[in-house]
Amino acid sequence: MSGTAAPASIDRALAEETTVGGIPIAVERGQREVFCGLTGIVWLHRKMQDAFFLVVGSRTCAHLLQSAAGVMIFAEPRFATAIMQEKDLAGLADANEELDRIATELLARRPDIGTLFLVGSCPSEVIKLDLGRAAERLSLAHAGRVRVLAYSGSGIETTFTEGEDACLETLVRAAPETEEAQLLVVGALPDVVEDQFARLLETSGIAEAAGRVRFLPARRAADTPSVGPNTRFVLAQPFLNATRRALAGRGAQHVPALFPFGIEGTAAWLHAAARAVGADARAVDAAIEAPIARARRALAHYRPLLEGKRLWFMPDSQLEIPLARFLAEECGMRMTEVGVPYLDRQTLAAELERVPEGARLVEGQDVERQLDRHATEAPDLTVCGLGLANPLEAQGFATKWAIELVFTPVHGFEQAGDLAELFARPLTRRASLGLEVTH
Amino acid sequence: MELSVWTYEGPPHVGAMRIANSMRDVHYVLHAPQGDTYADLLFTMIERRDHRPPVTYTTFQARDLGGDTAGLVKRAIAEAYERFRPNALLVGESCTAELIQDQPGALARGLELPVPVVPLELPSYSKKENWGASETFYHLVRAVLAERTNAAGLDPAGASTDTPTSRRPRANLLGPTSLGFRCRDDVVEITRLLDAIGVDVNVVAPLEARCEDLRRLPEADFNVCLYPEIARTLCRWLEKTFGQPTVTTVPLGVEATRAFVREVAALAGLEVEDFLANECGRLPWYSRSIDSTYLTHKRVFVYGDGTHALAAARIARDELGFRVVGIGTFSREMAREVRALAAEFEIEAIIGDDHLAVERALEELQPELVLGTQMERHVAKRLGIPCAVISSPVHVQDFPARYSPQMGFEGANVIFDTWVHPLMMGLEEHLLHMFRDDFEFNDAAGASHRHEAAGAPGRAVTADAAHEHERPALASSTAGTSSIDSAATGPIAATDEAGATERDDDPAARWTDEAERELRKIPFFVRGKARRNTETYARELGHGTITLDTLYDAKAHYAR
């Protein structure tokens, strides 16, 4: 180690331990093995089909997107990178002019674009290119034709799913005002899950009691719901901290709840929404009775495979804590280390009361030290990023790609079985190849 | 700024990672923000490596920027050295770190580590991946050989003092890297080939090499520059410093392999004509066999890195009898050679990494076979044109489980199979023609073993609307592009963008019923082209109506 003393802000030593409601949480600083927020574009551009995402960044950003997006997506995707070059770094005036030129060129080629997101990156943040102002300028220049918004997905500010948070926060800030009573479901969900939730909210009477139900993001960015003081909202994803604060800033009221993973989480989530809008709890119970029974039957297939197995979460998608709850309570798994990239105690308040016994919460990451602990503890199944999966498999560990949890429909009753199956599959596979499942 | 949808090459620090990951005892400390670790998956997912790439990232965040990021770099270097104990350490920065100017190379030197420390300055905003790999390889070798070149003992006349007559000649194989296109198998093939003519391989680098191997580089009699994109700079320096000549012929294709063997023989003083008389692989005979006549003057489009594009175009023309109608490369470093070859074909080369320009060229040229990268494979798939991949950027399927070199005689065999299989066999073409009126065997019915081919949603193959769809439907069953591709890709097996947006053709001439009926007699796999050609012809002549005569006039006009 060098002798230079570093400011506390970058002290890499495995540091403080804090507690939340009696649960100790270790905080670690060091090398992180996670994606940056730009990755969210891969699912956001498919969710909002009238939107285009233009990353203002470097060749690294473009390379990240195409690598994360499975190397290539077939046709021309609704995202691209304005790659900065040496001459753009010389002076900011040039960079702005260049950006305007690229955006205009893009809009000419893609007349179907209704909303253009300028997405900030590490280099654009470091050179302090003001994309918010650029968005205003371009909105004016292309008024009536396209709406231009900006957010940052840079790695120096956002971790993986925080990119979606930043995008939705921007949508909320730009949303029109409404006085109408409504319930917002917040977080990008696969359409099939969104439809299921819409039906449940309808049949349970929640929608009627709430006035109306809207989803954020909408399937078209142009249809982004209005927000106001009579808006209540439930979060469908546990990583929407800035969005939650932005909604609160617009006068909307957060309905704290467990997240809708598994039977328990989904039931609690719906009941919390029902209470908040004054819907009848019995009607909710009646509406969810059949889906719960189906989910129980589906989970029964996988519980024997998962029961008693020791699970390790590397910090990645921010879904770790709610999923640990589901896998422990409903599948009988035992937790070892549950890593999270960062912890927002308010967003996760309800979940933090249900952290499974034995789970060691670690916030942040020092991947080398974490792998040392992992080797010592030798869990039966490890949830980790794409960079770590094969190396761990080669050492004999069963792994599950964390990224699948973000791209696969896993919310709600109808997906509870699928969610459990994602964790059972690596174990089943190892068994079918005649490999040992337990260390 | 440059608008980019897809890129052929990553940033230069990814090139440096490829060198680090190729070597067995080198570590790379990369000053980089959170998120740049995505590059690990290139190695662990695409190449299926069973270990993490030897890279430590400093992972700085916004809140660190006002503070002591230099301290962060120093600690990361010290800890990485302690943990991994490499025999050489590369130190560099990614695009964002370049902007904050911590100069990690200088910081690393200050730590006085007991191993060579190689500071890398790879300008991210002007250079790319292959250049980064080439520079890194060159500087790594120079750093490892520093003691030797600094000492008075430098002997430019050749570091090996024993006379070549007392032992077999020795060669270094330079340039194969991690994530390179088929490098793993090319090394095996070329090692075998050299052994067969009496040459020993001294060192293969950087793939699977150690620093001590790099120290032995001067002991070879000459260097083989297998991948000029990666090794040309180093070979020139070795030439200058140790007087080692370079074999520059890249043994891709039968002709080039023979030329390579002769070039090696001339340097090593070996007799190889007997060997060459008996050895050439199967490609020449397969290409001459009667079934291959259908390959004659097939129109091919070639795009890839410089080395592979040049070789593919020559093989296509000289060994398979194709006609090269388009050629290009994203390797600007090799633009001159590619332009020169294009001139031989009397065409204009596409130089650069504008993937959309390549796509436009493909659409305009409508070749019968595309030899390209994964990018062109996707475009070709959409256009319904058969395609074989000849170059990086790579994909998980470019690391096949089987032995599958591109270089040497076995490589030429592999190339024959890979390029010809996407095309229809000659006899098959005739059979299709013969059965074209069979009720079960037509474009609307699709292949009998693929029930989804005809009835697939969006494939409205009524007899009247079929013409724009028939080629894709055909290609999906013959081009060897399997539907599991996207799943096999790994990362985010994104479903295909329903993309394939129908392009409205410009208002085309009207077809008379008689001409339309005649058109339908043409085998469906060439009907789309016949229709386009006829319409172009009619448009050029200003004919508003296409009659039977127009159809046959056009046929004669485009005959070749």
# chains A, B, ... in the order shown; residues from 1 in each chain; ligands from 1
>>> interface_residues(of="chain A", to="chain B", cutoff="6 Å", atoms="only C-alpha atoms", output="PyMOL selection string")
chain A and resi 1+31+33-36+59-60+63+68-70+74-75+80-86+98+123+155-157+386-387+390-391+394
>>> closest_residue(among="A:Cys331, A:Leu323, A:Leu433, A:Leu371", to="Leu305 of chain A", atoms="only C-alpha atoms")
A:Cys331
>>> select_by_dssp(residues="segment 330-394 of chain A", states="helix (DSSP H, G or I)", output="PyMOL selection string")
chain A and resi 349-352+367-377+386-394
>>> residues_around(residues="Cys280 of chain B", least_positions_apart="6", cutoff="9 Å", atoms="only C-alpha atoms", output="list of chain:residue names")
B:Val254, B:Glu255, B:Thr257, B:Arg258, B:Gly408, B:Phe409, B:Glu410
>>> residues_around(residues="Lys400 of chain A", least_positions_apart="4", cutoff="9 Å", atoms="only C-alpha atoms", output="NGL selection string")
:A and (381-385 or 389 or 404 or 422-423 or 425-426)
>>> residues_around(residues="Val302 of chain B", least_positions_apart="5", cutoff="10 Å", atoms="only C-alpha atoms", output="mmCIF file with N, CA and C atoms, in the first residue's frame")
data_model
loop_
_atom_site.group_PDB
_atom_site.id
_atom_site.type_symbol
_atom_site.label_atom_id
_atom_site.label_comp_id
_atom_site.auth_asym_id
_atom_site.auth_seq_id
_atom_site.Cartn_x
_atom_site.Cartn_y
_atom_site.Cartn_z
ATOM 1 N N HIS B 308 -8.577 -10.211 -43.107
ATOM 2 C CA HIS B 308 -9.547 -11.202 -43.568
ATOM 3 C C HIS B 308 -10.284 -10.756 -44.823
ATOM 4 N N ALA B 309 -10.518 -9.453 -44.953
ATOM 5 C CA ALA B 309 -11.213 -8.980 -46.153
ATOM 6 C C ALA B 309 -10.344 -9.191 -47.387
ATOM 7 N N LEU B 310 -9.066 -8.850 -47.271
ATOM 8 C CA LEU B 310 -8.152 -9.034 -48.408
ATOM 9 C C LEU B 310 -8.093 -10.503 -48.815
ATOM 10 N N ALA B 311 -7.919 -11.350 -47.794
ATOM 11 C CA ALA B 311 -7.786 -12.769 -48.092
ATOM 12 C C ALA B 311 -9.065 -13.328 -48.689
ATOM 13 N N ALA B 312 -10.200 -12.936 -48.109
ATOM 14 C CA ALA B 312 -11.478 -13.486 -48.577
ATOM 15 C C ALA B 312 -11.727 -13.097 -50.031
ATOM 16 N N ALA B 313 -11.400 -11.866 -50.382
ATOM 17 C CA ALA B 313 -11.640 -11.425 -51.756
ATOM 18 C C ALA B 313 -10.774 -12.215 -52.730
ATOM 19 N N ALA B 316 -12.098 -15.770 -52.951
ATOM 20 C CA ALA B 316 -13.359 -15.772 -53.690
ATOM 21 C C ALA B 316 -13.093 -15.742 -55.191
ATOM 22 N N VAL B 324 -16.253 -10.727 -57.221
ATOM 23 C CA VAL B 324 -16.332 -9.813 -56.074
ATOM 24 C C VAL B 324 -16.961 -8.508 -56.547
ATOM 25 N N VAL B 325 -18.163 -8.208 -56.012
ATOM 26 C CA VAL B 325 -18.856 -6.990 -56.451
ATOM 27 C C VAL B 325 -18.767 -5.870 -55.427
ATOM 28 N N GLY B 326 -18.286 -6.212 -54.227
ATOM 29 C CA GLY B 326 -18.130 -5.175 -53.212
ATOM 30 C C GLY B 326 -17.065 -5.607 -52.239
ATOM 31 N N ILE B 327 -16.260 -4.664 -51.759
ATOM 32 C CA ILE B 327 -15.236 -4.995 -50.772
ATOM 33 C C ILE B 327 -15.014 -3.795 -49.875
ATOM 34 N N GLY B 328 -14.740 -4.081 -48.613
ATOM 35 C CA GLY B 328 -14.464 -2.974 -47.705
ATOM 36 C C GLY B 328 -13.857 -3.475 -46.418
ATOM 37 N N THR B 329 -13.381 -2.537 -45.630
ATOM 38 C CA THR B 329 -12.793 -2.892 -44.342
ATOM 39 C C THR B 329 -12.999 -1.766 -43.352
ATOM 40 N N ALA B 349 -13.591 0.614 -52.942
ATOM 41 C CA ALA B 349 -13.645 -0.015 -51.622
ATOM 42 C C ALA B 349 -14.397 0.889 -50.643
ATOM 43 N N ILE B 350 -15.080 0.248 -49.698
ATOM 44 C CA ILE B 350 -15.700 1.000 -48.604
ATOM 45 C C ILE B 350 -14.720 0.948 -47.435
ATOM 46 N N LEU B 362 -24.903 -3.022 -49.445
ATOM 47 C CA LEU B 362 -25.432 -4.380 -49.588
ATOM 48 C C LEU B 362 -26.801 -4.367 -50.250
ATOM 49 N N PRO B 367 -25.901 -8.785 -53.586
ATOM 50 C CA PRO B 367 -25.015 -9.902 -53.956
ATOM 51 C C PRO B 367 -25.692 -11.237 -53.675
ATOM 52 N N LEU B 369 -23.923 -13.728 -52.220
ATOM 53 C CA LEU B 369 -23.305 -14.239 -50.994
ATOM 54 C C LEU B 369 -22.599 -13.081 -50.308
ATOM 55 N N VAL B 370 -22.751 -13.018 -49.000
ATOM 56 C CA VAL B 370 -22.060 -11.991 -48.229
ATOM 57 C C VAL B 370 -21.005 -12.675 -47.380
ATOM 58 N N LEU B 371 -19.769 -12.200 -47.461
ATOM 59 C CA LEU B 371 -18.695 -12.665 -46.590
ATOM 60 C C LEU B 371 -18.366 -11.490 -45.697
ATOM 61 N N GLY B 372 -18.834 -11.519 -44.458
ATOM 62 C CA GLY B 372 -18.688 -10.329 -43.628
ATOM 63 C C GLY B 372 -18.531 -10.648 -42.163
ATOM 64 N N THR B 373 -18.846 -9.672 -41.349
ATOM 65 C CA THR B 373 -18.794 -9.839 -39.902
ATOM 66 C C THR B 373 -20.194 -10.169 -39.409
ATOM 67 N N GLU B 376 -22.809 -7.753 -40.866
ATOM 68 C CA GLU B 376 -23.295 -8.036 -42.215
ATOM 69 C C GLU B 376 -24.173 -9.280 -42.200
ATOM 70 N N ALA B 388 -21.624 -15.869 -44.865
ATOM 71 C CA ALA B 388 -20.669 -16.571 -44.020
ATOM 72 C C ALA B 388 -19.827 -15.516 -43.312
ATOM 73 N N VAL B 389 -19.497 -15.783 -42.038
ATOM 74 C CA VAL B 389 -18.725 -14.823 -41.260
ATOM 75 C C VAL B 389 -17.241 -15.094 -41.454
ATOM 76 N N ILE B 390 -16.480 -14.041 -41.763
ATOM 77 C CA ILE B 390 -15.058 -14.217 -42.062
ATOM 78 C C ILE B 390 -14.157 -13.421 -41.130
#
>>> closest_residue(among="A:Asn96, A:Arg145, A:Ser124, A:Gly153", to="Pro111 of chain A", atoms="only C-alpha atoms")
A:Arg145
>>> residues_around(residues="Leu200 of chain A", least_positions_apart="2", cutoff="12 Å", atoms="only C-alpha atoms", output="PDB file with N, CA and C atoms, in the first residue's frame")
ATOM      1  N   VAL A 193     -47.099  -8.584 -18.030  1.00  0.00           N
ATOM      2  CA  VAL A 193     -47.269  -8.381 -16.585  1.00  0.00           C
ATOM      3  C   VAL A 193     -48.131  -7.150 -16.328  1.00  0.00           C
ATOM      4  N   GLU A 194     -47.881  -6.114 -17.112  1.00  0.00           N
ATOM      5  CA  GLU A 194     -48.673  -4.894 -16.969  1.00  0.00           C
ATOM      6  C   GLU A 194     -50.154  -5.211 -17.178  1.00  0.00           C
ATOM      7  N   ASP A 195     -50.450  -6.016 -18.189  1.00  0.00           N
ATOM      8  CA  ASP A 195     -51.843  -6.383 -18.459  1.00  0.00           C
ATOM      9  C   ASP A 195     -52.445  -7.181 -17.305  1.00  0.00           C
ATOM     10  N   GLN A 196     -51.655  -8.098 -16.756  1.00  0.00           N
ATOM     11  CA  GLN A 196     -52.155  -8.877 -15.610  1.00  0.00           C
ATOM     12  C   GLN A 196     -52.486  -7.962 -14.434  1.00  0.00           C
ATOM     13  N   PHE A 197     -51.561  -7.048 -14.160  1.00  0.00           N
ATOM     14  CA  PHE A 197     -51.783  -6.132 -13.036  1.00  0.00           C
ATOM     15  C   PHE A 197     -53.004  -5.250 -13.299  1.00  0.00           C
ATOM     16  N   ALA A 198     -53.143  -4.796 -14.531  1.00  0.00           N
ATOM     17  CA  ALA A 198     -54.289  -3.944 -14.859  1.00  0.00           C
ATOM     18  C   ALA A 198     -55.590  -4.700 -14.599  1.00  0.00           C
ATOM     19  N   GLU A 202     -58.383  -3.965 -11.641  1.00  0.00           N
ATOM     20  CA  GLU A 202     -59.766  -3.758 -12.068  1.00  0.00           C
ATOM     21  C   GLU A 202     -60.708  -4.661 -11.266  1.00  0.00           C
ATOM     22  N   THR A 203     -60.451  -5.978 -11.309  1.00  0.00           N
ATOM     23  CA  THR A 203     -61.382  -6.935 -10.686  1.00  0.00           C
ATOM     24  C   THR A 203     -61.399  -6.803  -9.162  1.00  0.00           C
ATOM     25  N   SER A 204     -60.326  -6.298  -8.589  1.00  0.00           N
ATOM     26  CA  SER A 204     -60.285  -6.174  -7.134  1.00  0.00           C
ATOM     27  C   SER A 204     -60.988  -4.906  -6.660  1.00  0.00           C
ATOM     28  N   GLY A 205     -61.413  -4.079  -7.581  1.00  0.00           N
ATOM     29  CA  GLY A 205     -62.081  -2.844  -7.198  1.00  0.00           C
ATOM     30  C   GLY A 205     -61.138  -1.700  -6.874  1.00  0.00           C
ATOM     31  N   ILE A 206     -59.826  -1.965  -6.947  1.00  0.00           N
ATOM     32  CA  ILE A 206     -58.857  -0.920  -6.606  1.00  0.00           C
ATOM     33  C   ILE A 206     -58.924   0.213  -7.633  1.00  0.00           C
ATOM     34  N   ALA A 207     -59.031  -0.163  -8.902  1.00  0.00           N
ATOM     35  CA  ALA A 207     -59.039   0.848  -9.957  1.00  0.00           C
ATOM     36  C   ALA A 207     -60.209   1.809  -9.763  1.00  0.00           C
ATOM     37  N   GLU A 208     -61.363   1.240  -9.450  1.00  0.00           N
ATOM     38  CA  GLU A 208     -62.547   2.077  -9.300  1.00  0.00           C
ATOM     39  C   GLU A 208     -62.391   3.011  -8.105  1.00  0.00           C
ATOM     40  N   VAL A 213     -56.338   3.929 -13.013  1.00  0.00           N
ATOM     41  CA  VAL A 213     -54.989   3.375 -12.842  1.00  0.00           C
ATOM     42  C   VAL A 213     -54.177   3.697 -14.093  1.00  0.00           C
ATOM     43  N   THR A 266     -46.819  -9.958  -3.871  1.00  0.00           N
ATOM     44  CA  THR A 266     -47.865  -9.434  -4.755  1.00  0.00           C
ATOM     45  C   THR A 266     -49.144  -9.161  -3.969  1.00  0.00           C
ATOM     46  N   ALA A 267     -49.481 -10.076  -3.071  1.00  0.00           N
ATOM     47  CA  ALA A 267     -50.688  -9.883  -2.274  1.00  0.00           C
ATOM     48  C   ALA A 267     -50.547  -8.628  -1.397  1.00  0.00           C
ATOM     49  N   TRP A 269     -48.642  -6.098  -1.840  1.00  0.00           N
ATOM     50  CA  TRP A 269     -48.562  -4.908  -2.714  1.00  0.00           C
ATOM     51  C   TRP A 269     -49.978  -4.452  -3.102  1.00  0.00           C
ATOM     52  N   LEU A 270     -50.813  -5.420  -3.484  1.00  0.00           N
ATOM     53  CA  LEU A 270     -52.186  -5.079  -3.876  1.00  0.00           C
ATOM     54  C   LEU A 270     -52.990  -4.580  -2.673  1.00  0.00           C
ATOM     55  N   HIS A 271     -52.792  -5.235  -1.539  1.00  0.00           N
ATOM     56  CA  HIS A 271     -53.535  -4.805  -0.345  1.00  0.00           C
ATOM     57  C   HIS A 271     -53.122  -3.406   0.078  1.00  0.00           C
ATOM     58  N   ALA A 273     -52.110  -1.050  -1.872  1.00  0.00           N
ATOM     59  CA  ALA A 273     -52.751  -0.130  -2.818  1.00  0.00           C
ATOM     60  C   ALA A 273     -54.231   0.024  -2.470  1.00  0.00           C
ATOM     61  N   ALA A 274     -54.884  -1.110  -2.122  1.00  0.00           N
ATOM     62  CA  ALA A 274     -56.310  -1.076  -1.789  1.00  0.00           C
ATOM     63  C   ALA A 274     -56.557  -0.178  -0.573  1.00  0.00           C
ATOM     64  N   ALA A 283     -62.756  -7.681  -1.339  1.00  0.00           N
ATOM     65  CA  ALA A 283     -62.829  -7.770  -2.806  1.00  0.00           C
ATOM     66  C   ALA A 283     -61.456  -8.121  -3.381  1.00  0.00           C
ATOM     67  N   VAL A 284     -60.431  -7.575  -2.754  1.00  0.00           N
ATOM     68  CA  VAL A 284     -59.073  -7.899  -3.198  1.00  0.00           C
ATOM     69  C   VAL A 284     -58.808  -9.387  -2.980  1.00  0.00           C
ATOM     70  N   ASP A 285     -59.156  -9.862  -1.779  1.00  0.00           N
ATOM     71  CA  ASP A 285     -58.948 -11.288  -1.476  1.00  0.00           C
ATOM     72  C   ASP A 285     -59.680 -12.172  -2.481  1.00  0.00           C
ATOM     73  N   ALA A 286     -60.875 -11.770  -2.822  1.00  0.00           N
ATOM     74  CA  ALA A 286     -61.651 -12.574  -3.766  1.00  0.00           C
ATOM     75  C   ALA A 286     -60.990 -12.581  -5.142  1.00  0.00           C
ATOM     76  N   ALA A 287     -60.472 -11.401  -5.536  1.00  0.00           N
ATOM     77  CA  ALA A 287     -59.880 -11.294  -6.875  1.00  0.00           C
ATOM     78  C   ALA A 287     -58.584 -12.091  -6.988  1.00  0.00           C
ATOM     79  N   ILE A 288     -57.868 -12.204  -5.870  1.00  0.00           N
ATOM     80  CA  ILE A 288     -56.549 -12.846  -5.975  1.00  0.00           C
ATOM     81  C   ILE A 288     -56.579 -14.316  -5.562  1.00  0.00           C
ATOM     82  N   GLU A 289     -57.737 -14.799  -5.167  1.00  0.00           N
ATOM     83  CA  GLU A 289     -57.807 -16.179  -4.670  1.00  0.00           C
ATOM     84  C   GLU A 289     -57.345 -17.187  -5.741  1.00  0.00           C
ATOM     85  N   ALA A 290     -57.925 -17.072  -6.913  1.00  0.00           N
ATOM     86  CA  ALA A 290     -57.576 -18.035  -7.969  1.00  0.00           C
ATOM     87  C   ALA A 290     -56.119 -17.892  -8.413  1.00  0.00           C
ATOM     88  N   PRO A 291     -55.627 -16.657  -8.681  1.00  0.00           N
ATOM     89  CA  PRO A 291     -54.209 -16.529  -9.050  1.00  0.00           C
ATOM     90  C   PRO A 291     -53.263 -17.067  -7.976  1.00  0.00           C
ATOM     91  N   ILE A 292     -53.630 -16.863  -6.706  1.00  0.00           N
ATOM     92  CA  ILE A 292     -52.757 -17.376  -5.642  1.00  0.00           C
ATOM     93  C   ILE A 292     -52.725 -18.899  -5.680  1.00  0.00           C
ATOM     94  N   GLY A 412     -45.511 -10.648  -9.982  1.00  0.00           N
ATOM     95  CA  GLY A 412     -46.918 -11.028  -9.887  1.00  0.00           C
ATOM     96  C   GLY A 412     -47.142 -12.508  -9.662  1.00  0.00           C
ATOM     97  N   PHE A 413     -48.414 -12.842  -9.464  1.00  0.00           N
ATOM     98  CA  PHE A 413     -48.779 -14.226  -9.151  1.00  0.00           C
ATOM     99  C   PHE A 413     -48.454 -15.178 -10.297  1.00  0.00           C
ATOM    100  N   GLU A 414     -48.794 -14.770 -11.504  1.00  0.00           N
ATOM    101  CA  GLU A 414     -48.677 -15.719 -12.619  1.00  0.00           C
ATOM    102  C   GLU A 414     -47.218 -16.036 -12.943  1.00  0.00           C
TER     103      GLU A 414
END
